[in-house]
Amino acid sequence: MALTTSQFVREFEDNALALFADELDQLSPQQQYQALAVTVKRYYAKQWADTKDRYDRTQEKQVYYFSIEFLPGRLLASNLLNLGIKDTVEKGLRKLGLDPAVIYAQEADPGLGNGGLGRLAAAFMDSMASVGMAGNGNGIRYQYGLFQQRFVDGYQVELPDDWLRDPDMWETRKENRAVIVKYGGQVALRPRQNGSLQAIYHDTDDVLAVPYDTPMVGYQTGVVNTMRLWSAETVPGRVHDLAEKARINAITQILYPDDSDSAGRELRLRQEYFFVSAGIQSIVTHFKRFHRDLSVLPHFVAIHINDTHPAMAVLELMRILLDEEEMSWEQAWQVTVATMSYTNHTLMAEALESWPQAMFASLLPRLFQIAQEIDRRFRLTYVRRYGELIVNQAAPLADGQLRMAFLAVIGSHAVNGVAKLHSELLKQSVLKALYQIFPERFTNETNGITQRRWVQIADPALATLIDTKIGPGWRRNPLALTRLREFEDDEQFLTDLIAAKQQNKLKLADLIQRQLGLTVAPASLFDVQIKRLHAYKRQLLHVFGILEAYLALKNGEDRPPRVHVFGAKAAPSYRYAKAVIKLINAVADLVNHDPAVNTKLKVAFLPNYGVSLGEQIIPAADISEQISLAGTEASGTSNMKLMATGAITLATLDGANIEIRDAAGKDSMAVFGLTAAQVEAAQRDHTYSARALYDQDPLIHRIVDMLTDGTIPGVATEGREIQDELLEYNDNYFVLADFRSYLAASRRLDQLSQTPLAWARLALANIAASGQFAADFTVARYGREIWQVLPSQPADE
Ligand code: Z15
């Protein structure tokens, strides 16, 4: 959009005055932020209204992305960038004596998710708008986001994330679009004249679902899509007692802080039905404003089930088609399957949701009837061709449980994993039986990230440097980054690349100083691991690498200086993960205060990792730790963000790491460890003994002993727990098995760092190859292969 600096300044001042009846310089930074956000809102409001109007007129197919998590990050800078007015506005702010960074930092970062899954959903929203696809988000407006993390004495402490204390400036409450969601009660089925059944509900608990819409501004496309988040309220005009009011408020009060772990609680089930039912109802209501015949729904609507949490969308759409639209079962089923698609994000057994049938039936009686009928017909249809065994393995109802992943596959026309390896493993393991029955439904859609946020916004030093070589075309089409390969022998450019990284490291060093009171040398290698704390992600392996360096340095060995940067939250109920947090902080205490090593080795565990902290860490990384046990990390996405800003990956052949290496070239990554197939074989044949390694390898022995021998102060309990996991429970995640090869790979990086230009060349190879991991391409592939929705502004022309 065309905007001059002086026009912006005038409008900004006007809005500040209208909002707060004061001049800008009298306002707090938070008030200045609010006035700025209102100004920006005016710049996109018309585009938003026009986009919705256009969708109604053209009836182009809509994608509804159902996700129990969204992690959009702060939106001000992103909205400015995407509107094409970021430079103008920043110039105007500086003219007014204001620091854009200070104002941006006023915005709360909505923590409406745990990790990769929620961030992916938000990236997809940004990308759909940016490639001109009609994408709609559907989720929950949690009153409190993921807890704020602090460390007290090295332990994680969780504080409530009251992110709505200051108003969210982007959302608009759409009370006129509220719907009622019903729980519990009894259903009676009465035959209708046309042979279908009418469901009559008694004694239900009714909740009002009120949508809050947030604009998803496309990158210079004029498209502004909508992320719709639902909030639970009491139904106006009804008398609720206090207990009931509390029950209603609880539905959208808090985000479950468990990542990759199915929270087996009734409230979670209520939350899931809440946003699913509200979303499906509003889709159908909107659709019926333009169409009479629901059987054409799949031509106009695609509903995507992001992980199993919204899998009951299959049941809810069936319920509405059967009970309210009076469709036959056969037709309703055909419409539902053609409308739905499902992404699986994990192979971990504990993350595959299944609900006790009794609980499900009492909270959602009509949905349970429908699930039983799906199960009955599924068995009936396939038992003859595939046999009892396979059908039992694949059916949604078994062992008193309702298995949501299976329901999602059966009720969808497409199911995908999130990286090539993961999609293959899915077919061989958890979804094997269903793959035999529905092979044509299975696809892969490798995850992606948005370079707009992680490079353009978070790493302006790199972004402007890239412009000087290949022009700004990569900002619209990230595949253009491959042209950077031409400069791999351009020493000046490589030197500039090093300088840009150095600038970012200085900034992060400053943050580490302010946050932790820790001084780190920007000349060190910044070795970064940022992700949820999980046993399978093996932060412990990274810690063991640090302990090895500690011992080596104590022993007088010389090593290039390294700063190990961690960011990770642990689920509050996850004991082991919390023990590892305490261990990292204790090891940090040990090495940071030991003058014999602390010029060469530092550990900085920054609290409260999230999107905003990621924006500060990622551009400063030299090394990207992607060290999960092969076969456990579905994809990973921090691996993509870190490569995009020129970190070199230290990795197992897991998740998307494999594709990253294929893209950047074999030598551009430091690979180590067992392959997924080797791990599988060792597990199957019980050939792995952690105890044997401990007995045979003196270094492993020494380091495992350090957990409990008092070397690391203050971890008596945690050290014991971790040691037991390794030696008594035979190291479920093969930390000791991969330790030696991890060290070797890490030493190779030390070697490489001795030749900065060689390092920079590999960093460049990574940056140049990162374009293919743009979420813009990921959503375009989903559109082509799953949703039957085409981008109107393909990035790859
Ligand atoms: C989550 O963040 C992921 C998987 C899950 O099953 C849940 Cl509940 C949360 C992550 C995967 O662990 C990660 O490998 C992947 O990159 C991400 O989803 C996005 O697909």
# chains A, B, ... in the order shown; residues from 1 in each chain; ligands from 1

$ residues_around --residues "Glu548 of chain A" --least-positions-apart "3" --cutoff "8 Å" --atoms "only C-alpha atoms" --output "ChimeraX atom specification"
/A:544-545,551-552,699,703

$ residues_near_ligand --ligand "ligand 1" --cutoff "7 Å" --atoms "only C-alpha atoms and all ligand atoms" --output "list of chain:residue names"
A:Asn114, A:Gly115, A:Gly116, A:Leu117, A:Gly118, A:Leu120, A:Asp259, A:Ser260, A:Asp261, A:Ser262, A:Asp307, A:His345, A:Thr346, A:Ala351, A:Val418, A:Asn447, A:Glu633, A:Ala634, A:Ser635, A:Gly636, A:Thr637, A:Gly655

$ residues_around --residues "Thr88 of chain A" --least-positions-apart "5" --cutoff "10 Å" --atoms "only C-alpha atoms" --output "CSV table (one decimal) with C-alpha atoms, in the first residue's frame"
chain,number,residue,atom,x,y,z
A,2,ALA,CA,1.1,3.6,-0.6
A,3,LEU,CA,1.8,5.5,2.5
A,4,THR,CA,4.0,8.4,3.1
A,5,THR,CA,5.9,9.0,6.4
A,6,SER,CA,4.1,12.3,7.0
A,7,GLN,CA,0.7,10.8,6.4
A,8,PHE,CA,1.5,8.0,8.8
A,9,VAL,CA,2.8,10.4,11.5
A,80,LEU,CA,3.7,-3.9,8.9
A,93,LEU,CA,8.4,6.5,14.6

$ residues_around --residues "segment 576-581 of chain A" --least-positions-apart "2" --cutoff "8 Å" --atoms "only C-alpha atoms" --output "VMD selection string"
chain A and resid 154 to 156 533 to 535 539 to 540 570 to 572 574 583 to 585 718 to 719 721 to 722

$ closest_atom_pairs --of "segment 160-262 of chain A" --to "segment 55-74 of chain A" --cutoff "10 Å" --atoms "only C-alpha atoms" --output "tab-separated table"
residue	atom	partner	partner_atom	distance
A:Met216	CA	A:Pro72	CA	9.5
A:Thr226	CA	A:Tyr64	CA	9.8
A:Met227	CA	A:Tyr65	CA	8.9
A:Arg228	CA	A:Phe66	CA	9.7
A:Leu229	CA	A:Phe70	CA	9.4
A:Leu255	CA	A:Glu69	CA	8.3
A:Tyr256	CA	A:Ile68	CA	9.7

$ residues_around --residues "segment 403-412 of chain A" --least-positions-apart "2" --cutoff "9 Å" --atoms "only C-alpha atoms" --output "JSON, numbers by chain"
{"A": [305, 307, 308, 309, 310, 311, 312, 313, 314, 315, 333, 336, 337, 338, 339, 340, 341, 342, 343, 344, 352, 353, 354, 355, 371, 374, 375, 378, 394, 395, 396, 397, 398, 401, 414, 415, 431, 434, 438, 441]}

$ write_last_selection --atoms "N, CA and C atoms" --output "short mmCIF file (atom, residue, chain, number, x, y, z; two decimals), in the first residue's frame"
data_model
loop_
_atom_site.label_atom_id
_atom_site.label_comp_id
_atom_site.auth_asym_id
_atom_site.auth_seq_id
_atom_site.Cartn_x
_atom_site.Cartn_y
_atom_site.Cartn_z
N ILE A 305 -7.87 -31.37 9.96
CA ILE A 305 -7.75 -31.81 11.34
C ILE A 305 -6.27 -31.83 11.71
N ASP A 307 -3.53 -32.72 13.88
CA ASP A 307 -3.33 -33.70 14.95
C ASP A 307 -4.70 -34.20 15.42
N THR A 308 -4.72 -35.08 16.38
CA THR A 308 -6.00 -35.71 16.70
C THR A 308 -6.96 -34.83 17.51
N HIS A 309 -6.47 -33.75 18.08
CA HIS A 309 -7.35 -32.99 18.99
C HIS A 309 -8.68 -32.58 18.36
N PRO A 310 -8.71 -32.19 17.08
CA PRO A 310 -10.01 -31.87 16.48
C PRO A 310 -10.62 -33.05 15.70
N ALA A 311 -10.18 -34.27 15.95
CA ALA A 311 -10.64 -35.40 15.13
C ALA A 311 -12.16 -35.61 15.23
N MET A 312 -12.75 -35.17 16.32
CA MET A 312 -14.20 -35.34 16.44
C MET A 312 -14.96 -34.44 15.47
N ALA A 313 -14.25 -33.66 14.67
CA ALA A 313 -14.88 -32.91 13.59
C ALA A 313 -15.62 -33.87 12.66
N VAL A 314 -15.05 -35.07 12.49
CA VAL A 314 -15.70 -36.09 11.66
C VAL A 314 -17.09 -36.40 12.22
N LEU A 315 -17.16 -36.59 13.53
CA LEU A 315 -18.43 -36.94 14.17
C LEU A 315 -19.41 -35.76 14.17
N TRP A 333 -21.86 -39.55 5.00
CA TRP A 333 -20.51 -40.11 5.13
C TRP A 333 -19.64 -39.72 3.93
N THR A 336 -18.69 -36.11 4.33
CA THR A 336 -17.73 -35.91 5.43
C THR A 336 -16.33 -36.33 5.01
N VAL A 337 -16.21 -37.52 4.46
CA VAL A 337 -14.88 -38.01 4.08
C VAL A 337 -14.26 -37.11 3.01
N ALA A 338 -15.09 -36.63 2.09
CA ALA A 338 -14.56 -35.77 1.03
C ALA A 338 -14.14 -34.40 1.57
N THR A 339 -14.70 -34.01 2.70
CA THR A 339 -14.41 -32.69 3.27
C THR A 339 -13.18 -32.71 4.18
N MET A 340 -13.00 -33.81 4.89
CA MET A 340 -11.99 -33.86 5.95
C MET A 340 -10.63 -34.33 5.46
N SER A 341 -9.60 -33.82 6.10
CA SER A 341 -8.24 -34.35 5.94
C SER A 341 -7.53 -34.21 7.27
N TYR A 342 -6.48 -35.00 7.44
CA TYR A 342 -5.87 -35.13 8.77
C TYR A 342 -4.35 -35.17 8.68
N THR A 343 -3.70 -34.43 9.56
CA THR A 343 -2.24 -34.50 9.69
C THR A 343 -1.87 -35.16 11.01
N ASN A 344 -0.99 -36.14 10.92
CA ASN A 344 -0.42 -36.75 12.12
C ASN A 344 0.92 -36.07 12.41
N LEU A 352 -0.89 -40.25 21.08
CA LEU A 352 -2.02 -40.64 20.25
C LEU A 352 -3.25 -40.72 21.13
N GLU A 353 -4.11 -39.76 20.96
CA GLU A 353 -5.24 -39.65 21.88
C GLU A 353 -6.20 -40.82 21.77
N SER A 354 -6.61 -41.29 22.93
CA SER A 354 -7.77 -42.18 22.92
C SER A 354 -8.56 -41.90 24.18
N TRP A 355 -9.85 -41.91 24.04
CA TRP A 355 -10.73 -41.53 25.15
C TRP A 355 -11.46 -42.76 25.67
N ALA A 371 -20.06 -42.51 16.49
CA ALA A 371 -18.78 -43.24 16.47
C ALA A 371 -19.04 -44.75 16.43
N ILE A 374 -20.05 -45.70 12.96
CA ILE A 374 -18.88 -45.69 12.06
C ILE A 374 -18.08 -46.97 12.27
N ASP A 375 -17.89 -47.32 13.51
CA ASP A 375 -17.13 -48.52 13.86
C ASP A 375 -17.82 -49.78 13.30
N PHE A 378 -17.55 -49.85 9.53
CA PHE A 378 -16.17 -50.08 9.13
C PHE A 378 -15.83 -51.57 9.21
N ALA A 394 -7.46 -51.71 13.29
CA ALA A 394 -7.70 -50.42 12.66
C ALA A 394 -8.99 -49.73 13.10
N ALA A 395 -9.86 -50.46 13.77
CA ALA A 395 -11.19 -49.91 14.07
C ALA A 395 -11.11 -48.83 15.16
N PRO A 396 -12.02 -47.86 15.11
CA PRO A 396 -11.95 -46.76 16.08
C PRO A 396 -12.28 -47.18 17.52
N LEU A 397 -13.14 -48.17 17.68
CA LEU A 397 -13.51 -48.57 19.04
C LEU A 397 -12.82 -49.89 19.39
N ALA A 398 -12.07 -49.87 20.49
CA ALA A 398 -11.42 -51.10 20.95
C ALA A 398 -10.98 -50.93 22.38
N GLN A 401 -11.85 -48.03 24.50
CA GLN A 401 -11.35 -46.70 24.12
C GLN A 401 -11.91 -46.28 22.76
N ALA A 414 -7.70 -37.86 3.12
CA ALA A 414 -6.24 -37.78 3.04
C ALA A 414 -5.65 -37.70 4.42
N VAL A 415 -4.51 -38.34 4.58
CA VAL A 415 -3.79 -38.28 5.85
C VAL A 415 -2.31 -38.13 5.51
N LEU A 431 -0.02 -46.54 12.00
CA LEU A 431 -1.18 -46.56 11.09
C LEU A 431 -1.08 -47.70 10.07
N LEU A 434 -4.35 -49.37 8.90
CA LEU A 434 -5.16 -48.47 8.09
C LEU A 434 -4.51 -48.21 6.73
N PHE A 438 -6.45 -48.37 3.32
CA PHE A 438 -6.61 -47.13 2.54
C PHE A 438 -5.27 -46.59 2.03
N ARG A 441 -4.89 -43.00 0.57
CA ARG A 441 -5.11 -41.79 1.37
C ARG A 441 -3.82 -41.19 1.92
#

$ closest_residue --among "A:Ala663, A:Leu462, A:Leu98, A:Ala523" --to "Asp496 of chain A" --atoms "only C-alpha atoms"
A:Leu462

$ closest_residue --among "A:Leu511, A:Glu725, A:Ala737, A:Leu421" --to "Ala682 of chain A" --atoms "only C-alpha atoms"
A:Ala737

$ select_by_dssp --residues "segment 617-654 of chain A" --states "helix (DSSP H, G or I)" --output "ChimeraX atom specification"
/A:617-620,638-644

$ write_last_selection --atoms "N, CA and C atoms" --output "CSV table (one decimal), in the first residue's frame"
chain,number,residue,atom,x,y,z
A,617,ILE,N,17.2,-15.4,19.5
A,617,ILE,CA,18.2,-16.5,19.6
A,617,ILE,C,18.6,-16.9,18.2
A,618,ILE,N,17.6,-17.2,17.3
A,618,ILE,CA,17.9,-17.9,16.1
A,618,ILE,C,18.9,-17.2,15.2
A,619,PRO,N,18.8,-15.9,15.0
A,619,PRO,CA,19.8,-15.2,14.1
A,619,PRO,C,21.2,-15.3,14.6
A,620,ALA,N,21.4,-15.6,15.9
A,620,ALA,CA,22.7,-15.5,16.5
A,620,ALA,C,23.4,-16.9,16.5
A,638,SER,N,12.5,-26.0,14.2
A,638,SER,CA,13.6,-25.1,14.6
A,638,SER,C,14.8,-25.5,13.7
A,639,ASN,N,14.9,-26.7,13.3
A,639,ASN,CA,16.0,-27.1,12.3
A,639,ASN,C,15.9,-26.2,11.1
A,640,MET,N,14.7,-25.9,10.6
A,640,MET,CA,14.5,-25.1,9.4
A,640,MET,C,14.8,-23.6,9.6
A,641,LYS,N,14.3,-23.2,10.8
A,641,LYS,CA,14.5,-21.7,11.1
A,641,LYS,C,16.0,-21.5,11.3
A,642,LEU,N,16.7,-22.4,11.9
A,642,LEU,CA,18.1,-22.2,12.2
A,642,LEU,C,19.0,-22.2,11.0
A,643,MET,N,18.6,-23.1,10.1
A,643,MET,CA,19.4,-23.2,8.8
A,643,MET,C,19.2,-21.9,8.0
A,644,ALA,N,18.0,-21.4,8.1
A,644,ALA,CA,17.6,-20.2,7.3
A,644,ALA,C,18.4,-19.0,7.6

$ residues_around --residues "Arg270 of chain A" --least-positions-apart "4" --cutoff "7 Å" --atoms "only C-alpha atoms" --output "compact mmCIF listing (two decimals) with N, CA and C atoms, in the first residue's frame"
# COMPACT_ATOMS: atom_id res chain seq x y z
N ILE A 251 -13.77 -23.78 30.36
CA ILE A 251 -13.53 -24.41 29.05
C ILE A 251 -12.44 -23.69 28.26
N GLU A 266 -11.19 -34.90 31.31
CA GLU A 266 -12.48 -34.53 30.75
C GLU A 266 -12.52 -33.08 30.27
N PHE A 274 -15.64 -28.18 22.15
CA PHE A 274 -16.06 -26.78 22.12
C PHE A 274 -15.66 -26.10 20.80

$ closest_residue --among "A:Leu516, A:Ile200, A:Ala681, A:Ala123" --to "Leu606 of chain A" --atoms "only C-alpha atoms"
A:Leu516

$ atom_distance --atom1 "atom CA of Met706 of chain A" --atom2 "atom CA of Phe672 of chain A"
24.1 Å

$ residues_around --residues "Val735 of chain A" --least-positions-apart "6" --cutoff "8 Å" --atoms "only C-alpha atoms" --output "list of chain:residue names"
A:Arg538, A:Leu540, A:Leu541, A:Leu629, A:Leu726

$ write_last_selection --atoms "C-alpha atoms" --output "CSV table (one decimal), in the first residue's frame"
chain,number,residue,atom,x,y,z
A,538,ARG,CA,17.8,-35.6,24.1
A,540,LEU,CA,20.6,-34.7,27.9
A,541,LEU,CA,23.0,-35.7,25.1
A,629,LEU,CA,16.8,-40.2,18.7
A,726,LEU,CA,20.1,-44.5,31.8

$ closest_atom_pairs --of "segment 358-428 of chain A" --to "segment 178-199 of chain A" --cutoff "9 Å" --atoms "only C-alpha atoms" --output "CSV"
residue,atom,partner,partner_atom,distance
A:Ala361,CA,A:Gly184,CA,8.3
A:Ser362,CA,A:Gly184,CA,5.8
A:Leu363,CA,A:Gly184,CA,4.4
A:Leu364,CA,A:Gly184,CA,5.6
A:Pro365,CA,A:Gly184,CA,6.5
A:Arg366,CA,A:Val187,CA,6.4

$ closest_residue --among "A:Lys41, A:Glu175, A:Asp166, A:Ile103" --to "Leu27 of chain A" --atoms "only C-alpha atoms"
A:Ile103

$ atom_distance --atom1 "atom CA of Ile767 of chain A" --atom2 "atom CA of Thr645 of chain A"
6.2 Å

$ closest_atom_pairs --of "segment 435-498 of chain A" --to "segment 757-763 of chain A" --cutoff "10 Å" --atoms "only C-alpha atoms" --output "CSV"
residue,atom,partner,partner_atom,distance
A:Arg485,CA,A:Arg761,CA,9.1
A:Phe487,CA,A:Arg761,CA,8.8
A:Glu488,CA,A:Arg761,CA,5.6
A:Asp489,CA,A:Arg761,CA,7.5
A:Asp490,CA,A:Arg761,CA,9.2
A:Glu491,CA,A:Leu757,CA,7.3
A:Gln492,CA,A:Leu757,CA,9.8
A:Phe493,CA,A:Ala760,CA,9.3
A:Leu494,CA,A:Ala760,CA,5.7
A:Thr495,CA,A:Leu757,CA,7.2
A:Asp496,CA,A:Ala760,CA,9.5
A:Leu497,CA,A:Ala760,CA,7.0
A:Ile498,CA,A:Ala760,CA,6.5

$ select_by_dssp --residues "segment 418-661 of chain A" --states "strand (DSSP E or B)" --output "mmCIF file with C-alpha atoms, in the first residue's frame"
data_model
loop_
_atom_site.group_PDB
_atom_site.id
_atom_site.type_symbol
_atom_site.label_atom_id
_atom_site.label_comp_id
_atom_site.auth_asym_id
_atom_site.auth_seq_id
_atom_site.Cartn_x
_atom_site.Cartn_y
_atom_site.Cartn_z
ATOM 1 C CA PHE A 442 -1.532 -41.559 2.660
ATOM 2 C CA THR A 443 0.780 -38.711 1.653
ATOM 3 C CA ASN A 444 3.686 -36.711 2.987
ATOM 4 C CA ILE A 449 8.524 -22.096 8.250
ATOM 5 C CA LEU A 525 30.632 -20.596 18.697
ATOM 6 C CA PHE A 526 26.990 -20.167 19.669
ATOM 7 C CA ASP A 527 25.626 -23.677 19.976
ATOM 8 C CA VAL A 528 21.840 -23.586 20.205
ATOM 9 C CA GLN A 529 19.135 -26.049 21.223
ATOM 10 C CA ILE A 530 15.657 -24.532 21.369
ATOM 11 C CA ARG A 562 31.646 -22.302 22.795
ATOM 12 C CA VAL A 563 28.526 -20.888 24.347
ATOM 13 C CA HIS A 564 25.743 -23.413 24.737
ATOM 14 C CA VAL A 565 22.374 -21.710 24.525
ATOM 15 C CA PHE A 566 19.250 -23.529 25.667
ATOM 16 C CA GLY A 567 15.618 -22.581 25.490
ATOM 17 C CA LEU A 601 32.911 -22.854 27.810
ATOM 18 C CA LYS A 602 29.686 -21.168 28.883
ATOM 19 C CA VAL A 603 26.142 -22.369 29.310
ATOM 20 C CA ALA A 604 23.224 -19.967 28.988
ATOM 21 C CA PHE A 605 19.743 -21.337 29.635
ATOM 22 C CA ILE A 623 25.289 -24.500 15.530
ATOM 23 C CA SER A 624 21.777 -25.954 15.448
ATOM 24 C CA GLU A 625 21.345 -28.979 17.724
ATOM 25 C CA GLN A 626 18.820 -31.413 16.187
ATOM 26 C CA ILE A 648 25.144 -25.408 10.697
ATOM 27 C CA THR A 649 23.142 -28.387 11.838
ATOM 28 C CA LEU A 650 24.497 -31.005 14.214
ATOM 29 C CA ALA A 651 22.017 -33.778 13.748
#

$ atom_distance --atom1 "atom CA of Ala278 of chain A" --atom2 "atom CA of Trp230 of chain A"
7.5 Å

$ closest_atom_pairs --of "segment 119-145 of chain A" --to "segment 466-483 of chain A" --cutoff "12 Å" --atoms "only C-alpha atoms" --output "tab-separated table"
residue	atom	partner	partner_atom	distance
A:Ser127	CA	A:Arg476	CA	10.9
A:Ser130	CA	A:Arg476	CA	8.7
A:Val131	CA	A:Arg476	CA	9.3

$ write_last_selection --atoms "N, CA and C atoms" --output "short mmCIF file (atom, residue, chain, number, x, y, z; two decimals), in the first residue's frame"
data_model
loop_
_atom_site.label_atom_id
_atom_site.label_comp_id
_atom_site.auth_asym_id
_atom_site.auth_seq_id
_atom_site.Cartn_x
_atom_site.Cartn_y
_atom_site.Cartn_z
N SER A 127 1.12 -18.07 5.71
CA SER A 127 1.46 -18.48 4.35
C SER A 127 0.23 -18.54 3.44
N SER A 130 -0.45 -15.29 2.30
CA SER A 130 0.64 -14.77 1.49
C SER A 130 0.73 -15.39 0.10
N VAL A 131 0.13 -16.56 -0.08
CA VAL A 131 0.07 -17.12 -1.43
C VAL A 131 -1.33 -16.96 -2.03
#

$ decode --residues "segment 53-67 of chain A" --atoms "N, CA and C atoms" --output "CSV table (one decimal), in the first residue's frame"
chain,number,residue,atom,x,y,z
A,53,ASP,N,-15.6,-10.3,1.6
A,53,ASP,CA,-16.7,-10.1,0.6
A,53,ASP,C,-16.4,-10.8,-0.7
A,54,ARG,N,-15.1,-10.8,-1.1
A,54,ARG,CA,-14.8,-11.5,-2.4
A,54,ARG,C,-15.0,-13.0,-2.3
A,55,TYR,N,-14.6,-13.6,-1.1
A,55,TYR,CA,-14.9,-15.0,-0.9
A,55,TYR,C,-16.4,-15.3,-1.0
A,56,ASP,N,-17.2,-14.5,-0.5
A,56,ASP,CA,-18.6,-14.7,-0.6
A,56,ASP,C,-19.1,-14.6,-2.0
A,57,ARG,N,-18.6,-13.7,-2.8
A,57,ARG,CA,-19.0,-13.5,-4.1
A,57,ARG,C,-18.5,-14.6,-5.1
A,58,THR,N,-17.2,-14.9,-4.9
A,58,THR,CA,-16.7,-15.9,-5.9
A,58,THR,C,-16.9,-17.3,-5.4
A,59,GLN,N,-17.2,-17.5,-4.2
A,59,GLN,CA,-17.4,-18.8,-3.6
A,59,GLN,C,-16.2,-19.7,-3.9
A,60,GLU,N,-15.0,-19.1,-3.8
A,60,GLU,CA,-13.9,-20.0,-4.0
A,60,GLU,C,-13.7,-20.9,-2.7
A,61,LYS,N,-13.1,-22.0,-2.9
A,61,LYS,CA,-13.1,-23.0,-1.9
A,61,LYS,C,-12.3,-22.5,-0.7
A,62,GLN,N,-12.9,-22.7,0.5
A,62,GLN,CA,-12.3,-22.3,1.8
A,62,GLN,C,-11.7,-23.5,2.5
A,63,VAL,N,-10.5,-23.2,3.0
A,63,VAL,CA,-9.8,-24.1,3.9
A,63,VAL,C,-10.1,-23.7,5.3
A,64,TYR,N,-10.5,-24.6,6.1
A,64,TYR,CA,-10.7,-24.4,7.6
A,64,TYR,C,-9.7,-25.2,8.3
A,65,TYR,N,-8.7,-24.6,8.9
A,65,TYR,CA,-7.6,-25.3,9.6
A,65,TYR,C,-7.9,-25.4,11.1
A,66,PHE,N,-8.4,-26.6,11.5
A,66,PHE,CA,-8.8,-26.8,12.9
A,66,PHE,C,-7.6,-27.2,13.7
A,67,SER,N,-7.3,-26.3,14.7
A,67,SER,CA,-6.1,-26.6,15.6
A,67,SER,C,-6.3,-26.2,17.0
